[in-house]
Amino acid sequence: MRRKAGLRAMLALAAALLLAGAGTGTAQVEQYAVREGLNLNSFTRAGPVAAHIVLRSGRQPRLLVAFPAGNSGTALWFAPLAKDAEWRLDGAPRPITLRDAKGRPLHGVRFVATIDADRLVPHQAVLSSIRVIRDYQALGKAPAAVLTAPRMTGDGIRWSRDRLDGAAGYDLAMTVVGGRIAGGAILAGQDGRIRLALTAVTGETPLSPRGGADLLNAHAQADPGARNALTFLSYAEKYLAGSWRFDTYFGRDTLMSVRLLMPALQPAAVETGLASVLARLSSQGEVAHEEDIGEFAVLDHQRTDGTLSDAPVHNYNMVDSDYMLAPVARAWLLDDPRGRARARAFLAQRVGGETMGARMVRNLRFVLQQAAPFARNPVAAHLIALKPGMDAGEWRDSNDGLAGGRLPYDVNAVLVPAALDSAAALEASGLLRPYLAAGDTAAFAQARALADIWRAKAPPLFDVTVPAESAKRAVRDYARMLGVPDAPALAAIGTMPVRFPAIALDGKGQPIPVQNSDAGFALLFEKPSSEALQTMTASLIDAFPAGLRTGAGMLVANPAFADAGIQRKFSPNAYHGTVIWSWQQALVAAGLARQLERRDLPADARHRIARAQSCLWDGIEKTRSVQSSELWSWRYADGRYQVVPFGAAGADVDESNAAQLWSTVYLALRRPPGPAIACAGR
């Protein structure tokens, strides 16, 4: 009888919530779901509601709802189980709007989930910023001030609290509609399953959704998975880097996504990305990497100045984004006819009392200042280094992503000269004239000469050459350790040495011999020589472990030619190890297409580019099912490389986002027509 009363109460609550959400219900509800590894992901967006439900199966079940509003979320971890259990969603989640005890609106979702477990014991709920939830997932710790005790009532458990500064907060309510609560545990019903009705809401300020014809133009590919992911991550204020873990602005992700998506985006959508980056520049002109907003900003201020301010706090620890802005801005403001027609109006727009043009000039001044020392004396000590105390500073932003390197290849060999060239081009166009100060003209006049020095002197510092016999020995040993075949890789090497750019230089300026995918930046932003293109394309054509090509896609790193310590850091379980990142494949695909547009390359160079392009697209097409994901790993079984979702294995250091902004860029890419070219051999 009590269970029936609880169910009636739950249904009454659902009806009340639906009535409260009548305004939301009039908006078009955008929904899709994707199962990836242990995670069942469900995305809902309607009016002020945007929510990503993540139900994690296995022996350590978890339920989580992430909200783009304030980068906030509600999450609940359960005690470990004796055996694997799997979640399912019963029907589509419903967008809701309700009000808290003070009459303030809370937006979120109501859904019903079932798990085939005999018993669930709630372990810890965290209602706060996604940054707090992310840290709890990784470290098992959260600030005591954000934790709240559950309130249990018959068949229900509820966690609810205001934000630390007293603003509208977060609520997670759970009613057992299949099973029962006893002794602090949730027990299964007679069918051996537990069925839960849940509501999850946030009081953070909603973003303004963008989608449909306001987002993509007629050139965009008809890829429903990529369209769904991009739509969920797109708002008039900014793009989200990825969900569930990065539900807010990231500078690098925004810039690379806008650049690669540019042919498929509407003009206003391109400018949203550029404006969001320019609005967050530091006073010196640095590009913000990430923003702390919502309750995470409150926690920041509480720790640093003792206030409860929620003013955003921006992170400027990364060094690559500073040099991406200029090439991406140039691609829109000068190279794209649509952007060229809107350039003056865009640069004249104001944010924070300052024009976009003045902000653009601020970044270019920073680029010129940082590039000057190496141009005067081109030695490794004058290259752009990671910031003091940082183990990361570019897109490989995990602790071991650069194998302890301090001077990244992509920043120094590609992005700095590309930024300098773009500064010169933007100044020469006259677009920046209204925003230049008295001393800028002479500095900008040197930009092209500085670019030439960087382009000539920086890349050779990263050159790695491994003699053929040493390379073969390394490949045999590494393949044996991994349990993968070595014959295709050995055939690729033949009698020729293996050459590639180091992933980075160490603190003494010595190359770290990890083969990598970062030549993609040079293919997209530069015009490499025929000789350089031969080196770049070899790693795309050659089979792993001689190169980066596998049946599960293009690896972002290959440590076969490094020492055993580095090889351990670059495992298939490492975030930037021998894994496949979707956007890196897209970066290389776009770069190869750009190189084939050149008319200054000899026929043999063009053939190698076309061959590399064919090899790459073979891998892309084999991995369409995970293409919108952040990254994935692999295993070698039954004579082939097989895709493994990253985060599905206990040894994986983290889990992949099911929706990643820069993984949607295939909407602007398509495989070139024509017959495929074989990859075997050199």
# chains A, B, ... in the order shown; residues from 1 in each chain; ligands from 1
$ residues_around --residues "A:Ser539" --least-positions-apart "5" --cutoff "8 Å" --atoms "only C-alpha atoms" --output "list in words"
Phe500, Gln515, Ala546, Gly547, Leu548 and Arg549 of chain A
$ residues_around --residues "A:Asp463" --least-positions-apart "4" --cutoff "9 Å" --atoms "only C-alpha atoms" --output "list of chain:residue names"
A:Pro459, A:Arg499, A:Phe500, A:Pro501, A:Ala502, A:Pro511, A:Pro513
$ select_by_dssp --residues "stretch 29-208 of chain A" --states "strand (DSSP E or B)" --output "mmCIF file with C-alpha atoms, in the first residue's frame"
data_model
loop_
_atom_site.group_PDB
_atom_site.id
_atom_site.type_symbol
_atom_site.label_atom_id
_atom_site.label_comp_id
_atom_site.auth_asym_id
_atom_site.auth_seq_id
_atom_site.Cartn_x
_atom_site.Cartn_y
_atom_site.Cartn_z
ATOM 1 C CA GLU A 30 15.450 18.435 -29.178
ATOM 2 C CA GLN A 31 16.443 14.995 -27.943
ATOM 3 C CA TYR A 32 18.827 12.219 -28.822
ATOM 4 C CA ALA A 33 20.617 9.387 -27.061
ATOM 5 C CA VAL A 34 23.845 7.474 -27.558
ATOM 6 C CA ARG A 35 25.345 4.547 -25.691
ATOM 7 C CA GLU A 36 29.130 4.614 -25.483
ATOM 8 C CA ASN A 39 27.692 5.240 -20.419
ATOM 9 C CA LEU A 40 24.144 5.723 -21.626
ATOM 10 C CA ASN A 41 23.881 9.373 -22.668
ATOM 11 C CA SER A 42 20.619 11.232 -23.231
ATOM 12 C CA PHE A 43 20.495 14.863 -24.369
ATOM 13 C CA THR A 44 17.469 17.150 -24.008
ATOM 14 C CA ARG A 45 17.131 20.787 -25.031
ATOM 15 C CA ALA A 46 13.950 22.862 -25.053
ATOM 16 C CA VAL A 49 16.248 23.629 -20.512
ATOM 17 C CA ALA A 50 19.463 21.971 -21.663
ATOM 18 C CA ALA A 51 20.412 18.758 -19.883
ATOM 19 C CA HIS A 52 22.688 15.792 -20.507
ATOM 20 C CA ILE A 53 21.830 12.640 -18.561
ATOM 21 C CA VAL A 54 24.680 10.155 -18.103
ATOM 22 C CA LEU A 55 23.844 6.743 -16.656
ATOM 23 C CA ARG A 56 27.015 4.741 -16.030
ATOM 24 C CA GLY A 58 29.083 -1.677 -14.649
ATOM 25 C CA ARG A 62 26.525 6.429 -11.319
ATOM 26 C CA LEU A 63 23.834 8.784 -12.492
ATOM 27 C CA LEU A 64 24.627 12.334 -13.489
ATOM 28 C CA VAL A 65 22.813 15.248 -15.105
ATOM 29 C CA ALA A 66 24.959 18.014 -16.581
ATOM 30 C CA PHE A 67 23.553 21.452 -17.418
ATOM 31 C CA SER A 72 26.398 22.944 -13.331
ATOM 32 C CA GLY A 73 25.196 19.469 -12.514
ATOM 33 C CA THR A 74 23.782 16.926 -10.119
ATOM 34 C CA ALA A 75 25.442 13.550 -9.668
ATOM 35 C CA LEU A 76 24.969 10.485 -7.511
ATOM 36 C CA TRP A 77 27.496 7.696 -7.007
ATOM 37 C CA PHE A 78 26.426 4.302 -5.677
ATOM 38 C CA ALA A 85 24.583 -3.960 -13.788
ATOM 39 C CA TRP A 87 20.999 1.072 -16.814
ATOM 40 C CA ARG A 88 18.243 1.819 -19.284
ATOM 41 C CA LEU A 89 15.985 4.819 -19.763
ATOM 42 C CA ARG A 94 10.879 15.525 -20.144
ATOM 43 C CA PRO A 95 12.070 19.123 -19.885
ATOM 44 C CA ILE A 96 10.662 20.817 -16.791
ATOM 45 C CA THR A 97 10.647 24.186 -15.081
ATOM 46 C CA LEU A 98 9.662 24.504 -11.433
ATOM 47 C CA ARG A 99 10.262 27.014 -8.661
ATOM 48 C CA PRO A 105 12.939 29.211 -11.468
ATOM 49 C CA LEU A 106 14.780 25.911 -11.690
ATOM 50 C CA HIS A 107 15.192 24.209 -15.084
ATOM 51 C CA GLY A 108 15.945 20.580 -15.772
ATOM 52 C CA VAL A 109 14.546 17.180 -16.655
ATOM 53 C CA ARG A 110 12.360 14.413 -15.319
ATOM 54 C CA PHE A 111 13.107 10.840 -16.357
ATOM 55 C CA VAL A 112 12.657 7.221 -15.334
ATOM 56 C CA ALA A 113 15.633 4.856 -15.245
ATOM 57 C CA THR A 114 15.875 1.129 -14.571
ATOM 58 C CA ILE A 115 18.908 -0.866 -13.514
ATOM 59 C CA ARG A 119 20.511 -3.686 -4.461
ATOM 60 C CA LEU A 120 21.769 -0.115 -4.753
ATOM 61 C CA PRO A 122 23.616 5.616 -2.518
ATOM 62 C CA HIS A 123 27.187 6.562 -1.659
ATOM 63 C CA GLN A 124 27.609 10.267 -2.378
ATOM 64 C CA ALA A 125 25.636 12.969 -4.157
ATOM 65 C CA VAL A 126 27.333 16.119 -5.432
ATOM 66 C CA LEU A 127 25.208 19.061 -6.590
ATOM 67 C CA SER A 128 27.403 21.892 -7.816
ATOM 68 C CA SER A 129 29.580 22.969 -10.713
ATOM 69 C CA ARG A 151 16.338 13.647 2.984
ATOM 70 C CA MET A 152 14.502 10.345 2.924
ATOM 71 C CA THR A 153 10.707 10.064 2.852
ATOM 72 C CA GLY A 156 11.964 8.838 -1.981
ATOM 73 C CA ILE A 157 15.383 10.395 -1.479
ATOM 74 C CA ARG A 158 16.113 14.039 -2.191
ATOM 75 C CA TRP A 159 19.183 16.255 -2.231
ATOM 76 C CA SER A 160 18.607 19.995 -2.467
ATOM 77 C CA ARG A 161 20.515 23.174 -1.668
ATOM 78 C CA TYR A 170 20.292 22.567 -7.380
ATOM 79 C CA ASP A 171 17.846 19.752 -6.692
ATOM 80 C CA LEU A 172 17.980 16.005 -7.290
ATOM 81 C CA ALA A 173 14.908 14.000 -6.299
ATOM 82 C CA MET A 174 14.569 10.230 -6.650
ATOM 83 C CA THR A 175 11.473 8.110 -6.059
ATOM 84 C CA VAL A 176 11.626 4.310 -6.115
ATOM 85 C CA VAL A 177 8.757 3.165 -8.322
ATOM 86 C CA GLY A 178 10.052 -0.372 -8.844
ATOM 87 C CA ARG A 180 11.694 -0.389 -2.177
ATOM 88 C CA ILE A 181 13.939 1.429 0.284
ATOM 89 C CA ALA A 182 15.077 -0.499 3.346
ATOM 90 C CA ALA A 185 19.524 0.691 0.536
ATOM 91 C CA ILE A 186 17.312 0.470 -2.532
ATOM 92 C CA LEU A 187 16.142 -3.107 -3.109
ATOM 93 C CA ILE A 194 15.206 -1.249 -9.574
ATOM 94 C CA ARG A 195 13.155 1.454 -11.230
ATOM 95 C CA LEU A 196 13.688 5.100 -10.296
ATOM 96 C CA ALA A 197 11.796 8.248 -11.203
ATOM 97 C CA LEU A 198 14.142 11.221 -11.037
ATOM 98 C CA THR A 199 14.030 14.969 -11.349
ATOM 99 C CA ALA A 200 17.209 17.013 -11.690
ATOM 100 C CA VAL A 201 17.176 20.814 -11.925
ATOM 101 C CA THR A 202 19.505 23.791 -11.680
#
$ atom_distance --atom1 "atom CA of A:Ala241" --atom2 "atom CA of A:Arg280"
15.3 Å
$ residues_around --residues "A:Asp391" --least-positions-apart "2" --cutoff "12 Å" --atoms "only C-alpha atoms" --output "ChimeraX atom specification"
/A:317-319,385-389,393-408,506-507
$ closest_residue --among "A:Ala564, A:Ala145, A:Ile453, A:Met262" --to "A:Tyr478" --atoms "only C-alpha atoms"
A:Ala564
$ residues_around --residues "A:Ile609" --least-positions-apart "2" --cutoff "12 Å" --atoms "only C-alpha atoms" --output "mmCIF file with N, CA and C atoms, in the first residue's frame"
data_model
loop_
_atom_site.group_PDB
_atom_site.id
_atom_site.type_symbol
_atom_site.label_atom_id
_atom_site.label_comp_id
_atom_site.auth_asym_id
_atom_site.auth_seq_id
_atom_site.Cartn_x
_atom_site.Cartn_y
_atom_site.Cartn_z
ATOM 1 N N LEU A 523 49.744 21.184 -41.994
ATOM 2 C CA LEU A 523 48.975 20.944 -43.211
ATOM 3 C C LEU A 523 47.838 21.949 -43.348
ATOM 4 N N PRO A 528 54.041 23.645 -46.365
ATOM 5 C CA PRO A 528 55.318 22.947 -46.202
ATOM 6 C C PRO A 528 55.971 22.637 -47.555
ATOM 7 N N SER A 530 58.040 20.278 -50.336
ATOM 8 C CA SER A 530 57.798 18.901 -50.781
ATOM 9 C C SER A 530 58.498 17.902 -49.868
ATOM 10 N N GLU A 531 59.728 18.230 -49.439
ATOM 11 C CA GLU A 531 60.468 17.338 -48.554
ATOM 12 C C GLU A 531 59.762 17.207 -47.206
ATOM 13 N N ALA A 532 59.300 18.326 -46.662
ATOM 14 C CA ALA A 532 58.595 18.280 -45.386
ATOM 15 C C ALA A 532 57.290 17.494 -45.521
ATOM 16 N N LEU A 533 56.608 17.649 -46.636
ATOM 17 C CA LEU A 533 55.358 16.918 -46.854
ATOM 18 C C LEU A 533 55.609 15.414 -46.932
ATOM 19 N N GLN A 534 56.746 15.019 -47.493
ATOM 20 C CA GLN A 534 57.064 13.595 -47.549
ATOM 21 C C GLN A 534 57.195 13.023 -46.144
ATOM 22 N N THR A 535 57.852 13.754 -45.247
ATOM 23 C CA THR A 535 57.985 13.311 -43.858
ATOM 24 C C THR A 535 56.626 13.262 -43.170
ATOM 25 N N MET A 536 55.816 14.299 -43.377
ATOM 26 C CA MET A 536 54.510 14.364 -42.714
ATOM 27 C C MET A 536 53.583 13.251 -43.179
ATOM 28 N N THR A 537 53.571 12.983 -44.475
ATOM 29 C CA THR A 537 52.644 11.972 -44.998
ATOM 30 C C THR A 537 53.090 10.557 -44.673
ATOM 31 N N ALA A 538 54.401 10.346 -44.456
ATOM 32 C CA ALA A 538 54.880 8.995 -44.148
ATOM 33 C C ALA A 538 54.213 8.438 -42.904
ATOM 34 N N SER A 539 54.093 9.246 -41.864
ATOM 35 C CA SER A 539 53.506 8.749 -40.620
ATOM 36 C C SER A 539 52.020 8.434 -40.782
ATOM 37 N N LEU A 540 51.370 9.060 -41.764
ATOM 38 C CA LEU A 540 49.953 8.795 -42.018
ATOM 39 C C LEU A 540 49.759 7.533 -42.849
ATOM 40 N N ILE A 541 50.745 7.234 -43.682
ATOM 41 C CA ILE A 541 50.666 6.077 -44.575
ATOM 42 C C ILE A 541 51.171 4.812 -43.892
ATOM 43 N N VAL A 588 43.771 16.680 -39.834
ATOM 44 C CA VAL A 588 44.653 16.188 -40.888
ATOM 45 C C VAL A 588 43.900 16.090 -42.210
ATOM 46 N N ALA A 589 42.642 15.653 -42.166
ATOM 47 C CA ALA A 589 41.851 15.558 -43.397
ATOM 48 C C ALA A 589 41.690 16.925 -44.051
ATOM 49 N N ALA A 590 41.363 17.935 -43.240
ATOM 50 C CA ALA A 590 41.218 19.289 -43.784
ATOM 51 C C ALA A 590 42.553 19.809 -44.297
ATOM 52 N N GLY A 591 43.638 19.487 -43.579
ATOM 53 C CA GLY A 591 44.953 19.949 -43.990
ATOM 54 C C GLY A 591 45.410 19.317 -45.292
ATOM 55 N N LEU A 592 45.188 18.027 -45.456
ATOM 56 C CA LEU A 592 45.567 17.359 -46.703
ATOM 57 C C LEU A 592 44.782 17.921 -47.885
ATOM 58 N N ALA A 593 43.495 18.167 -47.667
ATOM 59 C CA ALA A 593 42.682 18.762 -48.738
ATOM 60 C C ALA A 593 43.218 20.137 -49.118
ATOM 61 N N ARG A 594 43.636 20.895 -48.122
ATOM 62 C CA ARG A 594 44.186 22.230 -48.397
ATOM 63 C C ARG A 594 45.490 22.135 -49.192
ATOM 64 N N GLN A 595 46.345 21.164 -48.847
ATOM 65 C CA GLN A 595 47.602 21.017 -49.579
ATOM 66 C C GLN A 595 47.367 20.622 -51.036
ATOM 67 N N LEU A 596 46.344 19.827 -51.291
ATOM 68 C CA LEU A 596 46.044 19.421 -52.666
ATOM 69 C C LEU A 596 45.493 20.572 -53.499
ATOM 70 N N GLU A 597 45.077 21.655 -52.845
ATOM 71 C CA GLU A 597 44.636 22.840 -53.595
ATOM 72 C C GLU A 597 45.822 23.642 -54.128
ATOM 73 N N ARG A 598 47.018 23.368 -53.622
ATOM 74 C CA ARG A 598 48.207 24.096 -54.079
ATOM 75 C C ARG A 598 48.563 23.724 -55.516
ATOM 76 N N LEU A 601 53.228 22.270 -56.179
ATOM 77 C CA LEU A 601 53.817 21.005 -55.762
ATOM 78 C C LEU A 601 54.022 20.076 -56.955
ATOM 79 N N PRO A 602 55.128 19.340 -56.974
ATOM 80 C CA PRO A 602 55.358 18.383 -58.060
ATOM 81 C C PRO A 602 54.391 17.206 -57.979
ATOM 82 N N ALA A 603 54.309 16.449 -59.064
ATOM 83 C CA ALA A 603 53.336 15.355 -59.170
ATOM 84 C C ALA A 603 53.556 14.289 -58.102
ATOM 85 N N ASP A 604 54.833 13.951 -57.800
ATOM 86 C CA ASP A 604 55.067 12.898 -56.814
ATOM 87 C C ASP A 604 54.607 13.322 -55.423
ATOM 88 N N ALA A 605 54.775 14.606 -55.087
ATOM 89 C CA ALA A 605 54.304 15.100 -53.793
ATOM 90 C C ALA A 605 52.781 15.058 -53.728
ATOM 91 N N ARG A 606 52.138 15.445 -54.797
ATOM 92 C CA ARG A 606 50.669 15.417 -54.830
ATOM 93 C C ARG A 606 50.158 13.979 -54.706
ATOM 94 N N HIS A 607 50.855 13.038 -55.323
ATOM 95 C CA HIS A 607 50.427 11.639 -55.234
ATOM 96 C C HIS A 607 50.533 11.143 -53.796
ATOM 97 N N ARG A 611 47.579 9.799 -51.461
ATOM 98 C CA ARG A 611 47.667 8.472 -50.837
ATOM 99 C C ARG A 611 47.429 8.567 -49.339
ATOM 100 N N ALA A 612 48.063 9.524 -48.688
ATOM 101 C CA ALA A 612 47.842 9.727 -47.259
ATOM 102 C C ALA A 612 46.377 10.049 -46.982
ATOM 103 N N GLN A 613 45.794 10.847 -47.847
ATOM 104 C CA GLN A 613 44.384 11.209 -47.711
ATOM 105 C C GLN A 613 43.494 9.971 -47.792
ATOM 106 N N SER A 614 43.798 9.089 -48.724
ATOM 107 C CA SER A 614 43.013 7.865 -48.872
ATOM 108 C C SER A 614 43.147 6.970 -47.649
ATOM 109 N N CYS A 615 44.385 6.824 -47.150
ATOM 110 C CA CYS A 615 44.608 6.015 -45.942
ATOM 111 C C CYS A 615 43.835 6.576 -44.756
ATOM 112 N N LEU A 616 43.900 7.900 -44.604
ATOM 113 C CA LEU A 616 43.229 8.546 -43.477
ATOM 114 C C LEU A 616 41.721 8.347 -43.548
ATOM 115 N N ILE A 677 43.422 4.674 -52.749
ATOM 116 C CA ILE A 677 44.812 4.338 -53.058
ATOM 117 C C ILE A 677 45.335 3.436 -51.954
ATOM 118 N N CYS A 679 47.505 1.578 -49.131
ATOM 119 C CA CYS A 679 48.401 2.152 -48.136
ATOM 120 C C CYS A 679 49.672 1.349 -47.940
#
$ closest_residue --among "A:Val466, A:Gly169, A:Arg359, A:Leu164" --to "A:His301" --atoms "only C-alpha atoms"
A:Leu164
$ select_by_dssp --residues "stretch 496-607 of chain A" --states "helix (DSSP H, G or I)" --output "JSON, numbers by chain"
{"A": [519, 520, 521, 522, 523, 524, 525, 530, 531, 532, 533, 534, 535, 536, 537, 538, 539, 540, 541, 564, 565, 566, 567, 568, 569, 582, 583, 584, 585, 586, 587, 588, 589, 590, 591, 592, 593, 594, 595, 596, 603, 604, 605, 606, 607]}
$ atom_distance --atom1 "atom CA of A:Gly166" --atom2 "atom CA of A:Ala288"
28.0 Å
$ closest_residue --among "A:Arg259, A:Arg163, A:Arg303, A:Arg342" --to "A:Glu204" --atoms "only C-alpha atoms"
A:Arg163
$ atom_distance --atom1 "atom CA of A:Trp617" --atom2 "atom CA of A:Pro672"
9.0 Å
$ closest_residue --among "A:Asp155, A:Asp477, A:Glu271, A:Asp191" --to "A:Tyr239" --atoms "only C-alpha atoms"
A:Glu271
$ residues_around --residues "A:Glu354" --least-positions-apart "5" --cutoff "12 Å" --atoms "only C-alpha atoms" --output "count of residues only"
14
$ closest_residue --among "A:Ala489, A:Ala138, A:Ala424, A:Ala658" --to "A:Ala326" --atoms "only C-alpha atoms"
A:Ala424
